[in-house]
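Engineer: I am sharing query08.cif, which consists of mmCIF, C-alpha atoms and all ligand atoms:
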data_coords
#
loop_
_atom_site.label_atom_id
_atom_site.label_comp_id
_atom_site.auth_asym_id
_atom_site.auth_seq_id
_atom_site.Cartn_x
_atom_site.Cartn_y
_atom_site.Cartn_z
CA MET A 1 -3.57 -29.00 -3.81
CA ASN A 2 -1.23 -26.94 -5.94
CA LYS A 3 -2.27 -23.50 -6.98
CA PHE A 4 -0.77 -21.39 -9.75
CA LEU A 5 0.25 -17.99 -8.46
CA TYR A 6 2.06 -15.47 -10.63
CA LEU A 7 3.95 -13.21 -8.24
CA ASP A 8 6.45 -11.72 -10.67
CA ASN A 9 4.57 -8.71 -11.96
CA ALA A 10 7.71 -6.57 -11.88
CA ALA A 11 9.18 -8.83 -14.59
CA THR A 12 6.12 -8.61 -16.78
CA THR A 13 2.34 -8.60 -16.47
CA LYS A 14 -0.59 -10.38 -18.03
CA ILE A 15 -2.13 -8.31 -20.79
CA ALA A 16 -5.61 -7.10 -19.78
CA PRO A 17 -8.52 -8.50 -21.85
CA GLU A 18 -9.78 -5.03 -22.79
CA VAL A 19 -6.29 -4.16 -24.04
CA VAL A 20 -6.18 -7.24 -26.30
CA GLU A 21 -9.64 -6.43 -27.54
CA ALA A 22 -8.65 -2.88 -28.42
CA MET A 23 -5.61 -4.17 -30.31
CA LEU A 24 -7.15 -7.00 -32.33
CA PRO A 25 -8.79 -5.00 -35.13
CA TYR A 26 -5.44 -3.34 -35.82
CA PHE A 27 -3.97 -6.71 -36.77
CA THR A 28 -6.89 -7.92 -38.85
CA GLU A 29 -8.88 -5.04 -40.35
CA HIS A 30 -7.08 -1.76 -39.79
CA TYR A 31 -3.66 -2.83 -40.99
CA GLY A 32 -2.91 0.23 -43.10
CA ASN A 33 0.34 2.14 -42.75
CA PRO A 34 -0.40 5.41 -40.92
CA SER A 35 1.84 7.28 -43.41
CA SER A 36 -0.27 6.29 -46.44
CA VAL A 37 -2.53 8.90 -48.05
CA TYR A 38 -5.69 6.88 -48.78
CA THR A 39 -8.69 6.98 -46.46
CA PHE A 40 -8.24 3.33 -45.43
CA ALA A 41 -5.05 4.20 -43.55
CA ALA A 42 -6.07 7.64 -42.33
CA GLY A 43 -7.96 6.10 -39.42
CA ASN A 44 -4.73 4.55 -38.19
CA LYS A 45 -2.91 7.85 -38.17
CA GLU A 46 -5.78 9.21 -36.13
CA ALA A 47 -5.82 6.19 -33.78
CA VAL A 48 -2.10 6.59 -33.06
CA SER A 49 -2.59 10.27 -32.38
CA VAL A 50 -5.44 9.52 -29.95
CA GLN A 51 -3.16 7.19 -27.94
CA ARG A 52 -0.55 9.92 -27.75
CA ASP A 53 -3.21 12.26 -26.31
CA ILE A 54 -4.31 9.66 -23.75
CA ILE A 55 -0.76 9.03 -22.58
CA ALA A 56 0.16 12.72 -22.50
CA GLU A 57 -2.86 13.39 -20.32
CA THR A 58 -1.81 10.77 -17.75
CA LEU A 59 1.45 12.68 -17.24
CA GLY A 60 0.27 16.26 -17.52
CA ALA A 61 2.30 16.47 -20.73
CA LYS A 62 1.55 17.57 -24.31
CA SER A 63 0.83 15.04 -27.02
CA ASN A 64 3.81 16.09 -29.13
CA GLU A 65 6.11 15.31 -26.21
CA ILE A 66 5.34 11.56 -26.34
CA TYR A 67 7.57 9.43 -28.59
CA PHE A 68 6.73 5.75 -29.03
CA THR A 69 9.59 3.28 -28.72
CA ALA A 70 9.95 -0.50 -28.67
CA GLY A 71 9.90 -0.57 -24.87
CA GLY A 72 11.56 0.66 -21.73
CA SER A 73 15.11 -0.35 -22.63
CA GLU A 74 14.97 1.59 -25.88
CA ALA A 75 13.55 4.66 -24.15
CA ASP A 76 16.35 4.53 -21.55
CA ASN A 77 19.03 4.09 -24.23
CA TRP A 78 17.61 6.94 -26.25
CA ALA A 79 17.36 9.36 -23.33
CA LEU A 80 20.96 8.86 -22.26
CA LYS A 81 22.70 8.52 -25.61
CA ALA A 82 20.86 11.33 -27.35
CA ALA A 83 21.21 13.73 -24.42
CA ALA A 84 24.94 12.94 -24.29
CA GLU A 85 25.25 13.62 -27.99
CA ALA A 86 23.16 16.79 -28.03
CA TYR A 87 24.70 18.32 -24.89
CA GLY A 88 28.22 16.85 -25.18
CA GLU A 89 29.60 20.26 -26.16
CA LYS A 90 28.26 21.81 -22.98
CA GLY A 91 29.71 19.14 -20.71
CA ARG A 92 30.58 15.49 -20.43
CA HIS A 93 29.44 14.59 -16.92
CA ILE A 94 26.35 12.48 -16.14
CA ILE A 95 24.92 11.56 -12.75
CA THR A 96 22.93 8.40 -12.12
CA THR A 97 22.62 5.87 -9.27
CA LYS A 98 23.97 2.46 -8.36
CA ILE A 99 20.48 0.93 -8.29
CA GLU A 100 19.29 1.69 -11.83
CA HIS A 101 18.03 -0.96 -14.23
CA HIS A 102 20.72 -2.35 -16.52
CA ALA A 103 19.15 -0.46 -19.44
CA ILE A 104 20.52 2.66 -17.72
CA LEU A 105 23.66 1.24 -16.13
CA HIS A 106 24.97 -0.46 -19.26
CA THR A 107 24.17 2.59 -21.38
CA ALA A 108 26.06 4.75 -18.89
CA GLU A 109 29.04 2.38 -19.12
CA TYR A 110 28.89 2.63 -22.90
CA LEU A 111 28.98 6.42 -22.63
CA GLU A 112 31.99 6.19 -20.32
CA LYS A 113 33.79 4.36 -23.12
CA LYS A 114 32.83 7.26 -25.40
CA GLY A 115 34.57 9.73 -23.10
CA PHE A 116 31.78 10.76 -20.75
CA GLU A 117 32.28 10.72 -17.00
CA VAL A 118 29.55 9.11 -14.95
CA THR A 119 28.93 9.45 -11.21
CA TYR A 120 26.98 6.53 -9.76
CA LEU A 121 25.35 7.80 -6.59
CA ASP A 122 25.20 5.65 -3.49
CA VAL A 123 21.81 5.14 -1.86
CA ASP A 124 20.81 4.84 1.79
CA GLU A 125 19.87 1.57 3.52
CA TYR A 126 16.36 1.76 1.98
CA GLY A 127 17.63 2.43 -1.52
CA LYS A 128 16.89 6.16 -1.59
CA VAL A 129 19.15 8.69 -3.22
CA LYS A 130 20.72 11.04 -0.68
CA LEU A 131 19.93 14.56 -1.84
CA GLU A 132 23.04 16.08 -0.25
CA GLU A 133 25.20 13.61 -2.13
CA LEU A 134 23.42 14.46 -5.35
CA LYS A 135 24.03 18.18 -4.81
CA ASN A 136 27.70 17.52 -4.05
CA ALA A 137 28.08 15.47 -7.23
CA ILE A 138 26.90 18.31 -9.48
CA ARG A 139 29.69 19.99 -11.47
CA PRO A 140 29.72 22.83 -13.98
CA ASP A 141 29.98 20.23 -16.77
CA THR A 142 27.08 18.05 -15.56
CA ILE A 143 24.54 17.73 -18.37
CA LEU A 144 22.18 15.01 -17.19
CA ILE A 145 20.79 13.46 -14.02
CA SER A 146 19.04 10.10 -14.48
CA VAL A 147 17.34 8.62 -11.42
CA MET A 148 14.63 5.98 -11.57
CA PHE A 149 11.16 6.83 -10.26
CA ALA A 150 10.83 3.53 -8.40
CA ASN A 151 13.14 0.55 -8.22
CA ASN A 152 12.22 -2.72 -9.93
CA GLU A 153 13.81 -4.98 -7.31
CA ILE A 154 13.11 -3.48 -3.91
CA GLY A 155 10.22 -1.20 -4.89
CA VAL A 156 11.62 1.90 -3.21
CA ILE A 157 10.20 5.19 -4.50
CA GLU A 158 12.82 7.88 -5.06
CA PRO A 159 12.38 11.53 -4.02
CA VAL A 160 11.80 12.49 -7.64
CA LYS A 161 10.22 15.87 -6.96
CA GLU A 162 13.21 17.00 -4.91
CA ILE A 163 15.64 15.65 -7.50
CA GLY A 164 13.76 17.46 -10.25
CA ALA A 165 13.96 20.72 -8.30
CA ILE A 166 17.72 20.33 -7.79
CA ALA A 167 18.25 19.58 -11.49
CA LYS A 168 16.21 22.60 -12.50
CA GLU A 169 18.02 24.90 -10.10
CA HIS A 170 21.32 23.94 -11.76
CA GLY A 171 19.99 23.94 -15.33
CA ILE A 172 20.63 20.21 -15.75
CA LEU A 173 18.37 17.82 -17.66
CA PHE A 174 16.48 15.32 -15.54
CA HIS A 175 15.54 11.89 -16.90
CA THR A 176 13.62 9.30 -14.92
CA ASP A 177 13.14 5.62 -15.69
CA ALA A 178 9.49 5.31 -14.66
CA VAL A 179 8.97 1.85 -16.13
CA GLN A 180 7.91 0.42 -12.75
CA ALA A 181 6.15 3.53 -11.48
CA TYR A 182 4.07 4.49 -14.51
CA GLY A 183 0.55 3.18 -13.98
CA GLN A 184 1.13 2.48 -10.29
CA LEU A 185 1.92 5.97 -9.03
CA PRO A 186 0.45 9.33 -10.08
CA ILE A 187 3.08 11.22 -12.08
CA ASN A 188 3.03 14.83 -13.24
CA VAL A 189 6.07 15.81 -15.28
CA ASP A 190 5.77 19.51 -14.44
CA GLU A 191 5.35 19.02 -10.70
CA CYS A 192 8.36 16.71 -10.64
CA GLY A 193 10.54 18.79 -12.98
CA ILE A 194 10.98 15.83 -15.32
CA ASP A 195 12.52 16.53 -18.74
CA MET A 196 12.48 12.94 -20.00
CA LEU A 197 10.63 9.86 -18.79
CA SER A 198 10.72 6.22 -19.90
CA ALA A 199 7.78 3.81 -19.70
CA SER A 200 6.96 0.35 -21.03
CA GLY A 201 3.67 -1.33 -21.98
CA HIS A 202 4.22 -4.82 -20.63
CA LYS A 203 4.78 -3.62 -17.06
CA LEU A 204 1.22 -2.27 -16.88
CA ASN A 205 -0.89 -5.02 -18.41
CA GLY A 206 -0.12 -3.88 -21.92
CA PRO A 207 1.76 -5.63 -24.74
CA LYS A 208 5.49 -6.30 -24.90
CA GLY A 209 7.72 -4.46 -27.35
CA ILE A 210 6.09 -1.05 -26.98
CA GLY A 211 6.89 1.86 -24.69
CA PHE A 212 7.52 5.56 -24.93
CA LEU A 213 9.91 8.30 -24.06
CA TYR A 214 8.46 11.59 -22.89
CA ILE A 215 10.70 14.43 -24.03
CA ARG A 216 9.86 17.92 -22.77
CA LYS A 217 9.44 20.51 -25.50
CA GLY A 218 12.66 22.50 -25.87
CA VAL A 219 14.98 19.65 -24.90
CA LYS A 220 17.53 19.21 -27.67
CA ILE A 221 17.50 15.55 -28.48
CA ARG A 222 18.81 13.66 -31.48
CA SER A 223 17.01 11.14 -33.62
CA PHE A 224 17.42 7.64 -32.31
CA ILE A 225 16.45 5.72 -35.43
CA HIS A 226 17.17 7.39 -38.77
CA GLY A 227 14.79 6.82 -41.66
CA GLY A 228 11.24 8.01 -42.24
CA ALA A 229 9.50 10.94 -40.64
CA GLN A 230 7.66 8.99 -37.94
CA GLU A 231 7.67 10.29 -34.34
CA ARG A 232 8.52 13.81 -35.48
CA LYS A 233 11.55 12.45 -37.39
CA ARG A 234 13.17 11.33 -34.17
CA ARG A 235 12.37 7.65 -34.19
CA ALA A 236 11.87 6.34 -37.69
CA GLY A 237 10.08 3.14 -38.63
CA THR A 238 6.49 2.26 -39.49
CA GLU A 239 4.49 2.66 -36.31
CA ASN A 240 3.72 -0.47 -34.29
CA VAL A 241 0.04 0.39 -34.55
CA PRO A 242 -1.41 -2.56 -32.56
CA GLY A 243 1.29 -2.02 -29.92
CA ILE A 244 0.56 1.70 -29.70
CA ILE A 245 -3.17 1.00 -29.39
CA GLY A 246 -2.32 -1.47 -26.62
CA MET A 247 -0.03 1.01 -24.88
CA GLY A 248 -2.78 3.65 -24.92
CA ALA A 249 -5.45 1.22 -23.72
CA ALA A 250 -3.17 -0.03 -20.93
CA ALA A 251 -2.29 3.53 -19.87
CA LYS A 252 -5.95 4.49 -19.76
CA ARG A 253 -6.91 1.34 -17.88
CA ALA A 254 -4.11 1.89 -15.38
CA ALA A 255 -5.16 5.50 -14.77
CA ASP A 256 -8.87 4.65 -14.48
CA THR A 257 -8.35 1.76 -12.04
CA ARG A 258 -5.36 3.06 -10.12
CA GLU A 259 -7.04 4.22 -6.96
CA LEU A 260 -8.82 0.96 -6.20
CA ARG A 261 -5.96 -1.19 -7.46
CA VAL A 262 -3.40 0.55 -5.28
CA LYS A 263 -5.66 0.25 -2.24
CA THR A 264 -6.23 -3.48 -2.78
CA GLU A 265 -2.59 -4.21 -3.54
CA THR A 266 -1.22 -2.20 -0.63
CA GLU A 267 -3.45 -4.08 1.79
CA VAL A 268 -2.43 -7.49 0.45
CA ARG A 269 1.24 -6.47 0.24
CA ASP A 270 1.23 -5.31 3.86
CA TYR A 271 -0.44 -8.54 4.94
CA LEU A 272 2.30 -10.50 3.16
CA ILE A 273 5.08 -8.40 4.68
CA GLU A 274 3.67 -8.63 8.20
CA ARG A 275 3.15 -12.38 8.09
CA VAL A 276 6.58 -13.14 6.63
CA LEU A 277 8.46 -10.92 9.08
CA LYS A 278 6.49 -12.26 12.04
CA GLU A 279 6.49 -15.94 11.17
CA ILE A 280 9.87 -16.57 9.55
CA PRO A 281 12.84 -15.81 11.81
CA TYR A 282 16.11 -14.22 10.59
CA THR A 283 14.32 -12.40 7.78
CA ARG A 284 14.50 -8.79 6.68
CA LEU A 285 12.45 -6.60 4.39
CA ASN A 286 14.48 -4.85 1.68
CA GLY A 287 13.49 -1.37 0.59
CA HIS A 288 11.43 1.19 2.45
CA ARG A 289 8.51 0.09 4.62
CA THR A 290 6.05 2.68 3.27
CA ASP A 291 7.72 4.52 0.36
CA ARG A 292 7.45 1.51 -1.87
CA LEU A 293 5.48 0.35 -4.89
CA PRO A 294 2.08 -1.02 -3.85
CA ASN A 295 2.80 -4.38 -5.46
CA ASN A 296 6.34 -5.04 -4.23
CA ALA A 297 7.72 -7.12 -1.37
CA ASN A 298 11.41 -8.09 -1.21
CA PHE A 299 12.87 -10.19 1.59
CA SER A 300 16.22 -11.64 2.55
CA PHE A 301 16.24 -14.91 4.45
CA ARG A 302 19.49 -15.67 6.23
CA PHE A 303 21.15 -19.05 5.58
CA ILE A 304 19.21 -19.53 2.36
CA GLU A 305 20.21 -19.75 -1.30
CA GLY A 306 17.74 -17.70 -3.34
CA GLU A 307 17.90 -19.96 -6.39
CA SER A 308 16.93 -23.06 -4.36
CA LEU A 309 14.07 -21.11 -2.86
CA LEU A 310 12.80 -20.16 -6.32
CA ILE A 311 12.90 -23.75 -7.55
CA MET A 312 11.03 -25.03 -4.53
CA LEU A 313 8.42 -22.28 -4.83
CA ASP A 314 8.06 -23.18 -8.50
CA ASN A 315 7.28 -26.76 -7.44
CA LYS A 316 4.38 -25.29 -5.47
CA GLY A 317 3.14 -23.32 -8.49
CA ILE A 318 4.50 -19.99 -7.26
CA CYS A 319 6.35 -17.77 -9.76
CA ALA A 320 8.78 -15.48 -7.95
CA SER A 321 12.11 -13.84 -8.56
CA SER A 322 15.34 -13.47 -6.64
CA GLY A 323 15.96 -9.97 -7.91
CA SER A 324 16.34 -8.78 -11.41
CA ALA A 325 15.57 -11.10 -14.29
CA CYS A 326 18.75 -9.91 -15.96
CA THR A 327 21.00 -11.11 -13.15
CA SER A 328 19.40 -14.48 -12.57
CA GLY A 329 21.45 -17.16 -14.19
CA SER A 330 24.61 -15.49 -12.95
CA LEU A 331 25.92 -16.05 -9.46
CA ASP A 332 26.54 -12.39 -8.70
CA PRO A 333 24.13 -11.04 -6.12
CA SER A 334 21.91 -8.19 -7.22
CA HIS A 335 23.66 -4.83 -7.58
CA VAL A 336 20.67 -3.22 -5.89
CA LEU A 337 20.91 -5.35 -2.76
CA LEU A 338 24.65 -4.74 -2.55
CA ALA A 339 24.05 -0.99 -2.96
CA ILE A 340 21.73 -0.91 0.08
CA GLY A 341 24.57 -2.46 2.06
CA LEU A 342 23.63 -6.12 2.28
CA PRO A 343 26.56 -8.51 2.63
CA HIS A 344 26.89 -11.01 -0.24
CA GLU A 345 25.63 -13.99 1.75
CA ILE A 346 22.44 -12.20 2.79
CA ALA A 347 21.84 -10.71 -0.66
CA HIS A 348 22.02 -14.27 -2.01
CA GLY A 349 19.04 -15.33 0.08
CA SER A 350 16.64 -12.79 -1.37
CA LEU A 351 13.17 -13.16 -2.77
CA ARG A 352 11.05 -10.66 -4.71
CA LEU A 353 7.29 -11.14 -4.76
CA THR A 354 5.36 -8.68 -6.91
CA ILE A 355 1.58 -9.01 -6.80
CA ASN A 356 -1.30 -7.68 -8.87
CA GLU A 357 -4.85 -6.71 -7.94
CA GLU A 358 -6.12 -10.27 -8.42
CA ILE A 359 -3.97 -11.68 -5.61
CA THR A 360 -5.99 -12.23 -2.43
CA LYS A 361 -5.08 -12.71 1.23
CA GLU A 362 -5.96 -16.41 0.80
CA ASP A 363 -3.35 -16.60 -1.95
CA ILE A 364 -0.87 -14.99 0.42
CA ASP A 365 -1.73 -17.57 3.09
CA TYR A 366 -0.78 -20.28 0.60
CA VAL A 367 2.48 -18.48 -0.19
CA VAL A 368 3.42 -17.90 3.44
CA GLU A 369 2.64 -21.48 4.52
CA ASN A 370 4.81 -22.85 1.72
CA LEU A 371 7.53 -20.29 2.28
CA LYS A 372 7.75 -21.15 5.98
CA ASP A 373 8.06 -24.81 5.17
CA ILE A 374 10.63 -24.33 2.38
CA VAL A 375 12.80 -21.92 4.37
CA GLU A 376 12.83 -24.34 7.29
CA ARG A 377 13.76 -27.27 5.06
CA LEU A 378 16.54 -25.34 3.34
CA ARG A 379 17.91 -24.07 6.64
CA ASN A 380 17.95 -27.58 8.04
CA MET A 381 20.27 -28.53 5.19
CA SER A 382 22.59 -25.59 5.79
CA PRO A 383 25.84 -26.14 7.74
CA LEU A 384 25.99 -22.37 8.39
CA TYR A 385 22.58 -22.47 10.02
CA GLU A 386 23.60 -25.48 12.10
CA ASP A 387 26.68 -23.62 13.39
CA PHE A 388 24.60 -20.54 14.07
CA ILE A 389 22.04 -22.48 16.11
CA LYS A 390 24.77 -24.25 18.10
CA LYS A 391 26.29 -20.89 19.01
CA GLN A 392 22.90 -19.56 20.08
CA LYS A 393 22.54 -22.33 22.63
C1 LIG B 401 11.46 -3.70 -17.22
C2 LIG B 401 12.24 -2.48 -16.96
C3 LIG B 401 12.95 -1.86 -17.99
C4 LIG B 401 13.03 -2.42 -19.39
O1 LIG B 401 11.80 -2.32 -20.06
P1 LIG B 401 11.55 -3.24 -21.37
O2 LIG B 401 10.26 -2.72 -21.91
O3 LIG B 401 11.44 -4.64 -20.86
O4 LIG B 401 12.68 -3.02 -22.27
C5 LIG B 401 13.64 -0.70 -17.70
N1 LIG B 401 13.62 -0.17 -16.46
C6 LIG B 401 12.95 -0.74 -15.44
C7 LIG B 401 12.95 -0.09 -14.11
C8 LIG B 401 12.24 -1.92 -15.65
O5 LIG B 401 11.59 -2.48 -14.65
#
Taking this structure as input, can you express it in the form of structure tokens?
Structural biologist:
Amino acid sequence: MNKFLYLDNAATTKIAPEVVEAMLPYFTEHYGNPSSVYTFAAGNKEAVSVQRDIIAETLGAKSNEIYFTAGGSEADNWALKAAAEAYGEKGRHIITTKIEHHAILHTAEYLEKKGFEVTYLDVDEYGKVKLEELKNAIRPDTILISVMFANNEIGVIEPVKEIGAIAKEHGILFHTDAVQAYGQLPINVDECGIDMLSASGHKLNGPKGIGFLYIRKGVKIRSFIHGGAQERKRRAGTENVPGIIGMGAAAKRAADTRELRVKTETEVRDYLIERVLKEIPYTRLNGHRTDRLPNNANFSFRFIEGESLLIMLDNKGICASSGSACTSGSLDPSHVLLAIGLPHEIAHGSLRLTINEEITKEDIDYVVENLKDIVERLRNMSPLYEDFIKKQK
């Protein structure tokens, strides 16, 4: 019997029922514009401000350091472009990594066209930034370091605290794309020396189209959207009140349930990783064995085409991904898998499974049984595999 299993929680998540419930009245009854003066709308101004408090608290930040945006991509764009503009007089060098999300990489490329120089750091075989290389890349004109908190494809967690300390020591701004990490990992902006941090609602069981950028007090940063006085005049536009309510509710839910959720997910993730590595030959785990997001598993199967694998899994009701949603549809292998040193042909046979707390070991049994069968069938059709087996004999 076919199940339906959604194992692509790094692409987006199901909105939690309590989050929807919190949002609903803000579509139907409390639709006032928070900037209006009458009492009817005053509650909305207050409700938005409460969400800012909730989110600030989850990060050890102050409420007036949280700026709502229309999601993670906007927060990433804002952090890089506005820092470049505000600090461009001081220097024109930016450091980031080869494994960032395209919201960072493509913004960095845009800034290169505007006359900034960008260093894209290599990572080690697990996807971690090498701290020595980071130190060596720093120049007198470096104004910004942007390194993601955790990677969306291979789940590796970066040494953010150490990076923050290095940035601080050199008086350089530190931005982190925490879209995957926020809600899954405890984050304290002071302990990690973070000056700016991006997060997004729909990656933590909140709504799509809402996120925020944390900007430390004292950081010079330009307005991203010009217009009204919303978000301390830095990001104009009538507040997405239902979205903001949803973002706050999702952030609170994530913080309240994190401990148990992480424990459950880690156990199921490890069960998945162990079974796949043990039962499917010529398979590797991408990313770090332990320093990885609790919900992420990423494998490469030799002699397999990732796209075929995804289609056959889909036939079994399993939603998975071959890497980043942005690269699927193109034939280029994922930039992240290439950056950790995988050859093209192995990177092509990759599979990302990202679970949530509802996924059980029984679900994983269903996945592994089907995966074993599909991988075997695909390999039996592969001339490369045939050659390989002949040579083994
Ligand atoms: C999803 C994601 C983004 C983009 O967030 P949106 O809210 O979808 O714009 C940015 N960075 C990372 C690491 C992500 O996983």
Engineer: Please list as a list in words every residue within 8 Å of Ala297 in chain A, counting only C-alpha atoms and excluding residues in the same chain fewer than 4 positions away.
Structural biologist: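 Skipping anything fewer than 4 positions along the chain leaves Ile154, Gly155, Arg269, Leu272, Ile273, Leu285, Asn286, Arg352, Leu353 and Thr354 of chain A.
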Engineer: Using only C-alpha atoms, determine which residues lie at most 10 Å from Ala251 in chain A, disregarding the query and same-chain residues fewer than 5 positions distant; provide the list as a list in words.
Structural biologist: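 So the residues in contact are Val19, Gln51, Ile54, Ile55, Ala56, Glu57, Thr58, Tyr182, Gly183, Ser200, Gly201, Leu204, Asn205, Gly206, Ile245, Gly246 and Asp256 of chain A.
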Engineer: Check the smallest atom-to-atom distance from each of A:His93, A:Lys361, A:Lys81, A:Lys203 to His106 in chain A using all atoms listed in the file, then report the winner.
Structural biologist: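 Looking only at the distances to His106 in chain A, the closest residue turns out to be A:Lys81.
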Engineer: Pick out the closest residue to Lys278 in chain A from this set: A:Lys393, A:His226, A:Lys372, A:Arg92. Count all atoms listed in the file.
Structural biologist: A:Lys372
Engineer: Gly171 in chain A: which residues within 12 Å, counting only C-alpha atoms, same-chain residues fewer than 3 positions away excluded, as a ChimeraX atom specification?
Structural biologist: /A:90,138-145,164-168,174,193,195,219
Engineer: Rounded to one decimal, what separation in Å do you get between CA of Ile355 in chain A and CA of Ser321 in chain A?
Structural biologist: 11.7 Å
Engineer: Quick one: residues within 12 Å of Arg289 in chain A, all atoms listed in the file counted, chain neighbours fewer than 5 positions away excluded, as number ranges by chain?
Structural biologist: A: 125-127, 154-157, 266, 269-270, 273-274, 277, 284, 294, 296-299
Engineer: Only C-alpha atoms, please: the residues just picked out, written as a PDB file, in the coordinates of the input.
Structural biologist:
ATOM      1  CA  GLU A 125      19.870   1.570   3.520  1.00  0.00           C
ATOM      2  CA  TYR A 126      16.360   1.760   1.980  1.00  0.00           C
ATOM      3  CA  GLY A 127      17.630   2.430  -1.520  1.00  0.00           C
ATOM      4  CA  ILE A 154      13.110  -3.480  -3.910  1.00  0.00           C
ATOM      5  CA  GLY A 155      10.220  -1.200  -4.890  1.00  0.00           C
ATOM      6  CA  VAL A 156      11.620   1.900  -3.210  1.00  0.00           C
ATOM      7  CA  ILE A 157      10.200   5.190  -4.500  1.00  0.00           C
ATOM      8  CA  THR A 266      -1.220  -2.200  -0.630  1.00  0.00           C
ATOM      9  CA  ARG A 269       1.240  -6.470   0.240  1.00  0.00           C
ATOM     10  CA  ASP A 270       1.230  -5.310   3.860  1.00  0.00           C
ATOM     11  CA  ILE A 273       5.080  -8.400   4.680  1.00  0.00           C
ATOM     12  CA  GLU A 274       3.670  -8.630   8.200  1.00  0.00           C
ATOM     13  CA  LEU A 277       8.460 -10.920   9.080  1.00  0.00           C
ATOM     14  CA  ARG A 284      14.500  -8.790   6.680  1.00  0.00           C
ATOM     15  CA  PRO A 294       2.080  -1.020  -3.850  1.00  0.00           C
ATOM     16  CA  ASN A 296       6.340  -5.040  -4.230  1.00  0.00           C
ATOM     17  CA  ALA A 297       7.720  -7.120  -1.370  1.00  0.00           C
ATOM     18  CA  ASN A 298      11.410  -8.090  -1.210  1.00  0.00           C
ATOM     19  CA  PHE A 299      12.870 -10.190   1.590  1.00  0.00           C
TER      20      PHE A 299
END
Engineer: Separation of CA of His344 in chain A and atom C1 of ligand LIG 401 (chain B), in Å?
Structural biologist: 24.1 Å
Engineer: What does the structure give for the distance between CA of Pro207 in chain A and CA of Asp363 in chain A, in Å to one decimal?
Structural biologist: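 Straight-line distance from CA of Pro207 in chain A to CA of Asp363 in chain A works out to 25.8 Å.
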Engineer: For a quick check of understanding, using all atoms listed in the file, which of A:Thr360, A:Asn295, A:Ser73, A:Asn9 has the smallest distance to ligand LIG 401 (chain B)?
Structural biologist: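 Smallest separation from ligand LIG 401 (chain B) among the options: A:Ser73.
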